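**Student:** Structure supplied as run29.txt; contents: compact mmCIF, C-alpha atoms.
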```
# COMPACT_ATOMS: atom_id res chain seq x y z
CA MET F 279 115.96 48.17 149.60
CA THR F 280 119.48 49.57 150.01
CA ARG F 281 119.27 49.16 153.78
CA LEU F 282 117.85 45.65 153.45
CA TRP F 283 120.92 44.45 151.53
CA PRO F 284 123.38 44.53 154.49
CA LEU F 285 120.60 43.28 156.79
CA SER F 286 120.41 40.16 154.62
CA GLY F 287 124.11 39.59 155.15
CA TYR F 288 123.82 39.85 158.90
CA LEU F 289 120.86 37.47 158.90
CA LEU F 290 122.81 34.91 156.87
CA PHE F 291 125.72 35.14 159.29
CA ALA F 292 123.30 34.67 162.19
CA SER F 293 121.96 31.57 160.44
CA ILE F 294 125.51 30.16 160.28
CA LEU F 295 125.84 30.46 164.06
CA ALA F 296 122.32 29.08 164.62
CA SER F 297 122.99 26.13 162.33
CA LEU F 298 126.12 25.22 164.28
CA ALA F 299 124.16 25.52 167.53
CA THR F 300 121.55 23.16 166.06
CA ASP F 301 124.18 20.45 165.67
CA LEU F 302 126.13 21.20 168.85
CA PHE F 303 123.33 21.85 171.32
CA GLN F 304 120.35 20.21 169.60
CA ILE F 305 118.28 23.38 169.38
CA SER F 306 115.46 23.66 166.84
CA PRO F 307 116.68 23.95 163.22
CA LEU F 308 114.08 26.68 162.78
CA ALA F 309 116.51 28.98 164.59
CA ALA F 310 118.58 28.88 161.39
CA GLY F 311 115.76 28.26 158.94
CA LEU F 312 113.62 31.31 159.79
CA PRO F 313 116.40 33.91 159.23
CA GLN F 314 117.11 32.24 155.89
CA TRP F 315 113.46 32.52 154.86
CA LEU F 316 113.56 36.18 155.79
CA VAL F 317 116.65 36.60 153.61
CA GLY F 318 114.82 34.88 150.76
CA LEU F 319 111.90 37.29 151.09
CA LEU F 320 114.18 40.33 151.29
CA LEU F 321 116.20 39.36 148.23
CA PHE F 322 113.48 37.75 146.11
CA SER F 323 113.05 40.79 143.89
CA ARG F 324 116.83 40.99 143.32
CA VAL F 325 117.24 37.62 141.57
CA THR F 326 116.57 36.89 137.91
CA ARG F 327 113.04 36.38 136.66
CA ARG F 328 113.88 32.85 135.51
CA LEU F 329 115.06 31.85 138.98
CA ARG F 330 112.00 33.44 140.59
CA VAL F 331 109.69 31.44 138.34
CA GLN F 332 111.63 28.21 138.90
CA SER F 333 111.77 28.59 142.68
CA LEU F 334 108.06 29.48 142.89
CA ALA F 335 107.22 26.42 140.80
CA LEU F 336 109.34 24.12 142.97
CA GLY F 337 107.90 25.54 146.17
CA ALA F 338 104.31 25.36 144.90
CA ILE F 339 104.73 21.71 143.90
CA GLY F 340 106.19 20.95 147.32
CA LEU F 341 103.35 22.70 149.15
CA LEU F 342 100.78 20.94 146.98
CA ALA F 343 102.39 17.59 147.77
CA LEU F 344 102.35 18.39 151.49
CA TRP F 345 98.66 19.31 151.27
CA VAL F 346 97.75 16.15 149.37
CA ALA F 347 99.70 14.07 151.89
CA THR F 348 97.78 15.82 154.71
CA VAL F 349 100.90 16.32 156.81
CA ASP F 350 100.84 17.66 160.35
CA SER F 351 102.27 20.99 161.49
CA ALA F 352 105.51 19.35 162.62
CA THR F 353 106.24 18.13 159.09
CA LEU F 354 105.47 21.56 157.68
CA LEU F 355 107.92 23.15 160.10
CA THR F 356 110.49 20.53 159.10
CA ALA F 357 110.05 21.60 155.48
CA LEU F 358 110.81 25.22 156.41
CA ALA F 359 114.19 24.20 157.85
CA LYS F 360 114.91 21.30 155.50
CA ASN F 361 118.03 22.79 153.91
CA GLN F 362 119.14 25.21 156.62
CA ALA F 363 122.43 23.36 157.14
CA MET F 364 123.21 23.46 153.42
CA ILE F 365 122.53 27.20 153.17
CA ALA F 366 124.66 27.86 156.25
CA MET F 367 127.52 25.81 154.85
CA LEU F 368 127.37 27.61 151.51
CA ALA F 369 127.47 30.97 153.30
CA ALA F 370 130.38 29.84 155.48
CA VAL F 371 132.43 28.49 152.56
CA GLY F 372 132.00 31.88 150.92
CA PHE F 373 134.44 33.31 153.48
CA LEU F 374 137.20 31.49 151.61
CA ARG F 375 136.84 34.14 148.91
CA LEU F 376 138.63 36.46 151.31
CA VAL F 377 141.77 34.31 151.21
CA PRO F 378 144.48 36.23 149.32
CA LEU F 379 145.11 34.72 145.93
CA PRO F 380 148.64 33.58 145.05
CA PRO F 381 150.79 35.85 142.89
CA THR F 382 150.67 35.15 139.16
CA ALA F 383 153.42 37.31 137.72
CA GLU F 384 154.95 34.49 135.72
CA ALA F 385 154.48 34.28 131.96
CA LEU F 386 151.67 32.00 130.88
CA PRO F 387 152.88 28.47 130.12
CA ARG F 388 151.96 27.09 126.72
CA GLY F 389 151.53 23.68 125.19
CA ARG F 390 150.22 20.31 126.31
CA ARG F 391 151.91 20.52 129.70
CA ALA F 392 150.10 23.81 130.35
CA PHE F 393 146.87 22.12 129.33
CA TRP F 394 147.31 19.37 131.92
CA LEU F 395 148.52 21.73 134.67
CA THR F 396 145.58 24.08 134.14
CA MET F 397 142.99 21.30 134.17
CA PHE F 398 144.30 19.60 137.31
CA GLY F 399 145.16 22.94 138.94
CA VAL F 400 141.66 24.39 138.73
CA HIS F 401 140.33 21.01 139.89
CA TRP F 402 142.41 20.84 143.07
CA LEU F 403 142.32 24.52 143.93
CA GLY F 404 138.62 24.71 143.15
CA ALA F 405 137.96 21.73 145.44
CA VAL F 406 138.36 24.17 148.35
CA THR F 407 138.07 27.72 147.00
CA ASN F 408 135.06 26.88 144.78
CA LEU F 409 134.10 29.33 141.99
CA SER F 410 136.78 31.82 142.98
CA SER F 411 139.29 29.44 141.39
CA ILE F 412 137.66 29.93 137.97
CA VAL F 413 137.89 33.70 138.44
CA LEU F 414 141.56 33.39 139.41
CA PHE F 415 142.47 31.14 136.49
CA GLY F 416 140.24 32.88 133.97
CA ASP F 417 141.44 36.40 134.74
CA ARG F 418 145.04 35.30 134.31
CA MET F 419 144.44 33.30 131.11
CA ALA F 420 142.12 35.75 129.32
CA ASP F 421 143.33 37.83 126.38
CA PRO F 422 143.65 41.65 126.67
CA SER F 423 139.93 42.03 125.90
CA GLY F 424 139.02 39.74 128.81
CA ARG F 425 137.92 36.89 126.57
CA LEU F 426 138.72 33.20 127.00
CA GLN F 427 139.17 30.88 124.06
CA PRO F 428 136.60 28.05 123.82
CA ILE F 429 139.17 25.38 124.64
CA GLN F 430 140.23 27.32 127.75
CA ALA F 431 136.61 27.62 128.93
CA VAL F 432 136.04 23.90 128.41
CA VAL F 433 139.11 22.99 130.46
CA LEU F 434 138.06 25.28 133.32
CA ALA F 435 134.43 24.11 133.35
CA ARG F 436 135.22 20.41 133.36
CA GLY F 437 138.23 20.56 135.65
CA PHE F 438 136.25 22.51 138.23
CA GLY F 439 132.98 20.60 137.97
CA LEU F 440 134.59 17.20 138.55
CA ALA F 441 135.87 18.37 141.96
CA ALA F 442 132.28 17.93 143.20
CA PHE F 443 132.82 14.16 142.98
CA TRP F 444 134.83 14.20 146.20
CA SER F 445 135.40 17.63 147.76
CA PRO F 446 133.87 18.10 151.24
CA PHE F 447 133.82 21.85 150.56
CA PHE F 448 131.31 21.66 147.73
CA VAL F 449 127.62 22.11 148.47
CA ALA F 450 127.29 18.83 146.58
CA MET F 451 128.77 16.96 149.54
CA GLY F 452 126.41 18.63 151.98
CA ILE F 453 123.29 17.97 149.94
CA SER F 454 124.36 14.38 149.25
CA LEU F 455 124.93 13.67 152.93
CA SER F 456 121.60 15.27 153.81
CA GLN F 457 119.77 13.03 151.32
CA ALA F 458 121.76 9.96 152.38
CA PRO F 459 122.52 10.68 156.06
CA ALA F 460 124.09 7.29 156.75
CA ALA F 461 126.71 7.74 154.02
CA ARG F 462 130.33 7.96 155.17
CA LEU F 463 132.56 10.84 154.10
CA ILE F 464 135.70 8.69 154.00
CA VAL F 465 134.02 6.21 151.67
CA LEU F 466 132.72 8.95 149.38
CA VAL F 467 136.14 10.57 149.08
CA ALA F 468 137.86 7.21 148.63
CA TRP F 469 135.65 6.36 145.65
CA GLY F 470 134.95 9.84 144.30
CA LEU F 471 138.54 11.12 144.23
CA PRO F 472 140.02 8.45 141.93
CA LEU F 473 136.98 8.60 139.65
CA ALA F 474 137.43 12.36 139.30
CA GLN F 475 141.08 11.91 138.32
CA LEU F 476 140.09 9.18 135.85
CA LEU F 477 137.54 11.49 134.24
CA LEU F 478 140.10 14.29 134.08
CA ALA F 479 142.40 11.98 132.15
CA LEU F 480 139.46 10.91 130.00
CA ASN F 481 138.72 14.57 129.39
CA ALA F 482 142.27 15.13 128.16
CA TRP F 483 141.92 12.22 125.78
CA PHE F 484 138.49 13.43 124.67
CA LEU F 485 139.72 16.94 123.94
CA GLY F 486 142.76 15.56 122.15
CA ARG F 487 140.49 13.71 119.72
CA SER F 488 137.97 16.51 119.25
CA THR F 489 140.32 19.46 118.77
CA SER F 490 143.37 20.16 116.68
CA VAL F 491 146.87 19.98 118.06
CA GLN F 492 147.14 23.73 117.52
CA ASP F 493 144.16 24.34 119.82
CA LEU F 494 145.77 22.34 122.58
CA ASP F 495 148.86 24.54 122.34
CA PHE F 496 146.98 27.09 124.38
CA ALA F 497 147.99 29.57 127.08
CA GLY F 498 147.45 27.98 130.48
CA TYR F 499 147.64 29.13 134.09
CA PRO F 500 151.06 29.43 135.84
CA PHE F 501 150.07 26.88 138.45
CA THR F 502 152.52 25.60 141.08
CA PRO F 503 152.16 22.92 143.77
CA ALA F 504 152.55 25.64 146.43
CA THR F 505 149.10 26.86 145.45
CA LEU F 506 147.65 23.76 147.10
CA THR F 507 149.10 24.40 150.57
CA GLY F 508 146.03 26.20 151.88
CA PRO F 509 143.42 23.86 150.38
CA LEU F 510 145.21 20.75 151.66
CA LEU F 511 145.55 22.26 155.15
CA LEU F 512 141.85 23.09 155.27
CA ALA F 513 140.88 19.62 154.08
CA ALA F 514 143.12 18.11 156.77
CA ILE F 515 141.37 20.21 159.43
CA VAL F 516 137.96 18.92 158.37
CA PHE F 517 139.05 15.28 158.26
CA ALA F 518 140.78 15.58 161.64
CA GLY F 519 137.66 17.12 163.11
CA HIS F 520 135.59 14.30 161.69
CA LEU F 521 137.82 11.71 163.35
CA LEU F 522 138.04 13.55 166.69
CA VAL F 523 134.36 14.54 166.96
CA PRO F 524 132.46 11.99 164.87
CA ARG F 525 129.08 13.07 166.26
CA LEU F 526 129.35 16.37 164.37
CA SER F 527 128.15 16.24 160.80
CA ILE F 528 130.55 16.99 157.95
CA VAL F 529 128.32 19.90 157.00
CA SER F 530 128.81 21.46 160.44
CA LEU F 531 132.56 20.83 160.38
CA VAL F 532 132.93 22.60 157.04
CA THR F 533 130.61 25.39 158.19
CA CYS F 534 132.83 25.97 161.21
CA ALA F 535 136.23 25.37 159.60
CA ALA F 536 135.96 27.63 156.55
CA PRO F 537 135.49 31.01 158.28
CA LEU F 538 137.78 30.10 161.19
CA TYR F 539 140.54 29.07 158.78
CA THR F 540 140.21 32.36 156.93
CA ILE F 541 140.23 34.42 160.14
CA ILE F 542 143.16 32.63 161.80
CA ALA F 543 145.41 31.94 158.82
CA TYR F 544 144.95 35.30 157.11
CA ARG F 545 144.20 37.67 159.99
CA ARG F 546 147.01 40.02 158.93
CA GLN F 547 146.15 40.10 155.23
CA VAL F 548 142.39 40.31 155.86
CA PRO F 549 141.58 42.99 158.48
CA LEU F 550 138.40 42.98 160.52
CA GLN F 551 136.84 45.69 158.37
CA ARG F 552 137.13 43.41 155.34
CA PHE F 553 135.07 40.77 157.15
CA ILE F 554 132.43 43.34 158.01
CA ASP F 555 132.35 44.55 154.41
CA TYR F 556 131.95 40.97 153.28
CA LEU F 557 128.95 40.49 155.58
CA ARG F 558 127.33 43.73 154.42
CA HIS F 559 128.02 43.66 150.71
CA ASP F 560 129.14 40.24 149.46
CA LEU F 561 127.19 37.71 151.52
CA PRO F 562 123.79 39.02 150.33
CA ARG F 563 124.82 38.06 146.78
CA MET F 564 123.91 34.53 147.85
CA GLY F 565 120.26 35.41 147.29
CA PRO F 566 119.80 33.04 144.29
CA GLU F 567 121.27 30.06 146.14
CA VAL F 568 119.25 30.76 149.30
CA ILE F 569 115.97 31.05 147.41
CA LEU F 570 116.62 27.92 145.36
CA PHE F 571 117.57 25.88 148.43
CA LEU F 572 114.48 27.03 150.34
CA ALA F 573 112.21 26.06 147.46
CA ALA F 574 114.00 22.75 147.00
CA GLY F 575 113.49 22.01 150.70
CA LEU F 576 109.73 22.36 150.30
CA LEU F 577 109.85 20.17 147.21
CA GLY F 578 111.92 17.43 148.83
CA THR F 579 109.80 17.28 151.96
CA GLY F 580 106.61 17.26 149.91
CA VAL F 581 107.72 14.48 147.56
CA THR F 582 108.90 12.36 150.49
CA ALA F 583 105.60 12.88 152.33
CA LEU F 584 103.63 12.03 149.21
CA ILE F 585 105.55 8.80 148.68
CA GLY F 586 104.94 7.78 152.29
CA HIS F 587 101.26 8.76 152.14
CA PHE F 588 100.51 6.58 149.13
CA SER F 589 103.08 3.88 150.01
CA LEU F 590 104.67 4.25 146.58
CA THR F 591 107.47 1.85 145.69
CA LEU F 592 109.84 1.45 142.78
CA PRO F 593 110.70 -1.81 141.05
CA GLY F 594 114.27 -3.05 141.15
CA SER F 595 114.96 -2.37 144.81
CA GLY F 596 117.36 -5.30 144.83
CA ASN F 597 119.65 -3.68 142.25
CA GLY F 598 121.10 -0.58 143.88
CA PRO F 599 123.64 0.27 141.15
CA LEU F 600 120.96 0.12 138.45
CA ILE F 601 118.56 2.39 140.36
CA ALA F 602 121.40 4.79 141.20
CA SER F 603 122.46 4.90 137.53
CA LEU F 604 118.91 5.60 136.38
CA GLY F 605 118.56 8.31 139.01
CA LEU F 606 121.84 9.85 137.89
CA GLY F 607 120.62 9.90 134.29
CA ALA F 608 117.33 11.54 135.29
CA ILE F 609 119.08 14.30 137.25
CA LEU F 610 121.43 15.00 134.34
CA LEU F 611 118.51 15.27 131.92
CA LEU F 612 116.82 17.73 134.26
CA ALA F 613 120.07 19.70 134.56
CA ALA F 614 120.46 19.87 130.78
CA ALA F 615 116.89 21.20 130.58
CA GLY F 616 117.70 24.03 132.98
CA ILE F 617 116.65 22.51 136.32
CA HIS F 618 119.40 23.15 138.86
CA PRO F 619 121.09 19.97 140.20
CA ILE F 620 119.92 20.96 143.71
CA ALA F 621 116.30 20.48 142.70
CA GLY F 622 117.07 17.38 140.67
CA ILE F 623 118.91 15.65 143.50
CA ILE F 624 116.17 16.39 146.01
CA ALA F 625 113.32 15.42 143.69
CA VAL F 626 114.87 12.26 142.27
CA GLY F 627 116.53 11.38 145.58
CA SER F 628 113.19 11.53 147.38
CA VAL F 629 111.96 8.78 145.06
CA ILE F 630 114.93 6.45 144.65
CA GLY F 631 115.90 6.86 148.31
CA GLN F 632 112.86 4.77 149.22
CA VAL F 633 114.08 1.53 147.62
CA GLY F 634 116.80 0.62 150.08
CA ILE F 635 119.88 1.59 148.08
CA PRO F 636 123.09 1.50 150.16
CA GLN F 637 123.60 5.01 151.47
CA ASP F 638 127.21 5.31 150.29
CA LEU F 639 126.18 4.31 146.78
CA LEU F 640 123.24 6.73 146.77
CA ALA F 641 125.34 9.66 148.02
CA LEU F 642 128.07 8.94 145.46
CA SER F 643 125.51 9.03 142.64
CA PHE F 644 124.37 12.45 143.90
CA LEU F 645 127.96 13.74 143.86
CA MET F 646 128.28 12.52 140.28
CA SER F 647 125.03 14.19 139.29
CA TRP F 648 126.14 17.50 140.76
CA GLY F 649 129.60 17.40 139.17
CA LEU F 650 128.32 16.53 135.70
CA GLY F 651 125.15 18.57 136.16
CA VAL F 652 126.96 21.89 136.67
CA ILE F 653 128.97 21.17 133.51
CA VAL F 654 125.89 20.63 131.35
CA SER F 655 123.35 22.92 133.06
CA PRO F 656 122.68 26.21 131.24
CA ILE F 657 122.02 27.97 134.56
CA SER F 658 124.89 26.65 136.66
CA GLY F 659 127.14 29.21 138.30
CA THR F 660 130.10 27.81 136.38
CA ASN F 661 128.63 28.36 132.93
CA LEU F 662 127.03 31.69 133.81
CA LEU F 663 130.39 32.92 135.11
CA LEU F 664 132.24 31.82 131.98
CA ALA F 665 129.62 33.35 129.70
CA GLY F 666 129.25 36.62 131.59
CA ARG F 667 132.73 37.41 132.83
CA PHE F 668 134.82 35.92 130.03
CA GLN F 669 132.52 36.41 127.00
CA VAL F 670 132.33 32.71 126.20
CA ALA F 671 129.58 31.82 123.72
CA PHE F 672 127.36 29.46 125.69
CA GLY F 673 125.85 27.49 122.79
CA PRO F 674 129.11 25.96 121.54
CA LEU F 675 130.32 25.49 125.12
CA TRP F 676 127.14 23.60 126.05
CA ARG F 677 127.33 21.32 122.99
CA ARG F 678 130.94 20.39 123.65
CA ASN F 679 130.29 19.76 127.33
CA ALA F 680 127.12 17.76 126.65
CA ALA F 681 129.06 15.30 124.51
CA PHE F 682 131.61 14.84 127.28
CA VAL F 683 128.89 14.42 129.93
CA VAL F 684 127.32 11.57 127.94
CA LEU F 685 130.66 9.76 127.87
CA ALA F 686 131.31 10.53 131.54
CA TYR F 687 127.84 9.25 132.47
CA LEU F 688 128.61 5.84 130.99
CA VAL F 689 131.85 5.69 132.99
CA CYS F 690 129.99 6.70 136.15
CA CYS F 691 127.45 3.92 135.63
CA LEU F 692 130.24 1.35 135.41
CA TRP F 693 131.80 2.88 138.52
CA LEU F 694 128.52 2.62 140.44
CA PHE F 695 128.31 -1.10 139.65
CA LEU F 696 131.93 -1.47 140.81
CA VAL F 697 131.16 0.39 144.05
CA GLY F 698 127.97 -1.65 144.48
CA SER F 699 130.02 -4.84 144.64
CA TRP F 700 132.04 -3.43 147.57
CA VAL F 701 129.71 -1.40 149.79
```
Can the structure in the file be given as C-alpha cells, please?
**Tutor:**
Amino acid sequence: MTRLWPLSGYLLFASILASLATDLFQISPLAAGLPQWLVGLLLFSRVTRRLRVQSLALGAIGLLALWVATVDSATLLTALAKNQAMIAMLAAVGFLRLVPLPPTAEALPRGRRAFWLTMFGVHWLGAVTNLSSIVLFGDRMADPSGRLQPIQAVVLARGFGLAAFWSPFFVAMGISLSQAPAARLIVLVAWGLPLAQLLLALNAWFLGRSTSVQDLDFAGYPFTPATLTGPLLLAAIVFAGHLLVPRLSIVSLVTCAAPLYTIIAYRRQVPLQRFIDYLRHDLPRMGPEVILFLAAGLLGTGVTALIGHFSLTLPGSGNGPLIASLGLGAILLLAAAGIHPIAGIIAVGSVIGQVGIPQDLLALSFLMSWGLGVIVSPISGTNLLLAGRFQVAFGPLWRRNAAFVVLAYLVCCLWLFLVGSWV
C-alpha cells in the first residue's frame, strides 16, 4: 500500500492533464475518468468507514437506477466520467496550498474591528486558497494549547463557507456549472458576491445579538489588504481567460490556472522538488473527495436516467424561484443529516433540473446550498478541520451554525425570488 500512495498522486495529476485535453481537443472524458476510478479503488481502504458506507450507498442507488432505466452502454460509460472535470479541478486547486503564506508576526488585533477583519479576511482569502485559509487563520489565532474559542471557530466557519456563493475556485462553482451547464459565470458572481457580503454583515449582527460584548472582544487575525494580492490576481486571470476563450469551460480555466499560477508566480519559493513531493505525498490525500465524487456521479446519472425513463415531472414548473428555494431547503436538510452537499446537489438537482428553471437561477441555488451546507454539515471539511485541528467541540458549534443557516436560508429564498425577476 505504501507504493500505491504516490502512484495515486501521479494518476490524479494525469487525470488533470486528460481533463484539460477533453475540453481542448474533444477527446473522450473516460481518459480522465478511468485514472480517477483507479485512484478511488487504490485509496478506498484509506478513507473513513462512514465515508465508505456513504459512497457505496450512493453508488449502489445510482447503479440500481441505471439498471431500472435500462440504459445503454454509452450512458453507463458517461456515468463513469460524470464528475471527472470536478475531480480534476479540485486536484488542480490543491496546488494553491504550495503558495507561501504571508508573514504573521504582528500581535493579534483585538476587539470588534478584529472581529470584522477576521470574518471578511478568511472569506476573501479563502475564496481562492480554500481550506488552507482556515489553517492559516486558525493557527495564528489559537491559544498556546492549539485551541480556538467557540466564537473564533464560528467566525472562521461562516466567513469561509459563504465564499462558495461566488468564488470560481470553489468546487461548488464547478459542480453548479456542471448541473446547470447554460449558467453564466459573470451572472453567478454578480448575484452571489453581494449576497455573500450581505450574509457576512447579517452574521455580524447575529453574533452580536447571541453573544456577550466580552466574547466579541476576541483575538483576531492580523489581516492586511496586501494578503489579497495573489487571490485577486488569480481571479483576474480566470475571468480574462473566460472572456478571451469563451469556448473553454470555467472548470477547465480554473484547472489550468491554479497550478500554472503557483508554478510561475512562486517558482523561486517553491522548488521543483516541492511539486514532486506534493504529487507523491499530498495529492493522494484527496481520496475522500475522489471517492465521493465518483459515487455521486453514478447517483446523478442514475437519477436523471430514471426520471427520463418514467417521464417524471414536478408541479410548479412555472415558478422557478419557488422550486429553487424548495430544492435549496432539501439539500440543506440532507447536509444537516450528514449527506455531503455534493450528493445533495446532484440528487436534488437531477430532479428539479427537469422543470425548466432558468439555468442561472438553478446554479445560484446550488452555490447557496454548498455554502450553507458546509457550515451545517457534520462531515464537511470545514467542521472536521475545526474539530480535529483546533479542538473545537462540534456539538455547540453545529447548534450555533444551524440557527444561523436557518436565518440565512430565508434570506436566500428572498434573493432567489429577486434574481428570478431579472434572469
**Student:** Which residues come within 9 Å of Ala574 in chain F, counting all atoms listed in the file, excluding same-chain residues fewer than 4 positions away, as a list in words?
**Tutor:**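 Residues near the query, excluding close chain neighbours: Ser333, Leu336, Gly337, Gly340, Lys360, Asn361, Ile569, Leu570, Gly578, Thr579, Ile620, Ala621, Gly622, Ile624 and Ala625 of chain F.
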**Student:** Quote the spacing between CA of Val684 in chain F and CA of Phe443 in chain F in Å to one decimal place.
**Tutor:**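 So the answer is 16.2 Å.
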**Student:** Between range 379-489 of chain F and range 513-523 of chain F, at 12 Å or less, what are the per-residue closest atom pairs and their distances in Å? Count only C-alpha atoms, order by chain and rising residue number, and return it as a Markdown table.
**Tutor:**
```
| residue | atom | partner | partner_atom | distance |
| --- | --- | --- | --- | --- |
| F:Trp402 | CA | F:Ala513 | CA | 11.2 |
| F:Leu403 | CA | F:Ala513 | CA | 11.4 |
| F:Ala405 | CA | F:Ala513 | CA | 9.4 |
| F:Val406 | CA | F:Ala513 | CA | 7.7 |
| F:Thr407 | CA | F:Ala513 | CA | 11.1 |
| F:Trp444 | CA | F:Ala513 | CA | 11.3 |
| F:Ser445 | CA | F:Ala513 | CA | 8.6 |
| F:Pro446 | CA | F:Ala513 | CA | 7.7 |
| F:Phe447 | CA | F:Ala513 | CA | 8.2 |
| F:Phe448 | CA | F:Ala513 | CA | 11.7 |
| F:Arg462 | CA | F:His520 | CA | 10.5 |
| F:Leu463 | CA | F:His520 | CA | 8.9 |
| F:Ile464 | CA | F:Phe517 | CA | 8.5 |
| F:Val467 | CA | F:Phe517 | CA | 10.7 |
```
**Student:** In terms of the shortest atom-to-atom distance over only C-alpha atoms, which of F:Cys690, F:Ala461, F:Leu319, F:Ile412 is closest to Thr396 in chain F?
**Tutor:**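 Going through F:Cys690, F:Ala461, F:Leu319, F:Ile412 one by one, the smallest distance to Thr396 in chain F is for F:Ile412.
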**Student:** In Å, with one decimal, what is the gap from CA of Ala641 in chain F to CA of Met451 in chain F?
**Tutor:** 8.2 Å
**Student:** Would you work out the distance separating CA of Leu341 in chain F from CA of Pro307 in chain F, expressed in Å to one decimal?
**Tutor:** 19.4 Å
**Student:** Tell me which of F:Ala458, F:Met646, F:Ile623, F:Val633 sits closest to Phe571 in chain F, counting all atoms listed in the file.
**Tutor:**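 Comparing F:Ala458, F:Met646, F:Ile623, F:Val633 against Phe571 in chain F, the winner is F:Ile623.
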**Student:** Neighbours of Trp648 in chain F within 10 Å (all atoms listed in the file; same-chain residues fewer than 6 positions away dropped), as a PyMOL selection string?
**Tutor:** chain F and resi 439-443+448-451+453-454+606+609-610+613+618-620+622-623+642+654-655
**Student:** Using all atoms listed in the file, which residue out of F:Trp700, F:Phe415, F:Tyr539, F:Phe398 lies closest to Leu639 in chain F?
**Tutor:**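 That would be F:Trp700, the residue with the smallest distance to Leu639 in chain F.
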**Student:** Counting all atoms listed in the file, which of F:Gly651, F:Gly575, F:Gly565, F:Gly580 gets nearest to Ala608 in chain F?
**Tutor:** F:Gly651
**Student:** I'd like to know which of F:Ile554, F:Ile601, F:Ala665, F:Val532 is closest to Ala363 in chain F, using all atoms listed in the file.
**Tutor:**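 Checking each candidate against Ala363 in chain F, we get F:Val532 as the closest.
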**Student:** Please provide as a list in words all residues within 10 Å of range 671-678 of chain F, with the sequence filter that same-chain residues fewer than 2 positions apart are discarded (counting only C-alpha atoms).
**Tutor:**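 Using only C-alpha atoms, the neighbours found are Leu426, Gln427, Pro428, Ile429, Ala431, Val432, Ala435, Leu485, Ser488, Ala614, Ile653, Val654, Ser655, Pro656, Asn661, Leu662, Leu664, Ala665, Gly666, Phe668, Gln669, Ala680, Ala681, Phe682 and Val683 of chain F.
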**Student:** Show which residues sit within 12 Å of Ala359 in chain F, as a PyMOL selection string. Count only C-alpha atoms, and ignore same-chain residues fewer than 3 positions away.
**Tutor:** chain F and resi 293+296-297+300+306-315+352-356+362-366+568+571-576+578-579
**Student:** With distances taken over all atoms listed in the file, which residue among F:Met367, F:Leu692, F:Ala392, F:Leu650 lies nearest Pro537 in chain F?
**Tutor:**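 Checking each of F:Met367, F:Leu692, F:Ala392, F:Leu650 against Pro537 in chain F, counting all atoms listed in the file, the winner is F:Met367.
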**Student:** Excluding Trp394 in chain F and residues on its chain fewer than 4 positions from it, collect all residues at most 9 Å away from it, counting all atoms listed in the file, and give them as a list in words.
**Tutor:**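 Once the adjacent positions are removed, what remains is Arg390, Phe398, Gly399, Ala479, Ala482 and Gly498 of chain F.
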**Student:** Write out the residues from the selection above, keeping C-alpha atoms, as a JSON list (two decimals), in the coordinates of the input.
**Tutor:**
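What landed in result-v1.json:
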```json
[["chain", "number", "residue", "atom", "x", "y", "z"],
["F", 390, "ARG", "CA", 150.22, 20.31, 126.31],
["F", 398, "PHE", "CA", 144.30, 19.60, 137.31],
["F", 399, "GLY", "CA", 145.16, 22.94, 138.94],
["F", 479, "ALA", "CA", 142.40, 11.98, 132.15],
["F", 482, "ALA", "CA", 142.27, 15.13, 128.16],
["F", 498, "GLY", "CA", 147.45, 27.98, 130.48]]
```
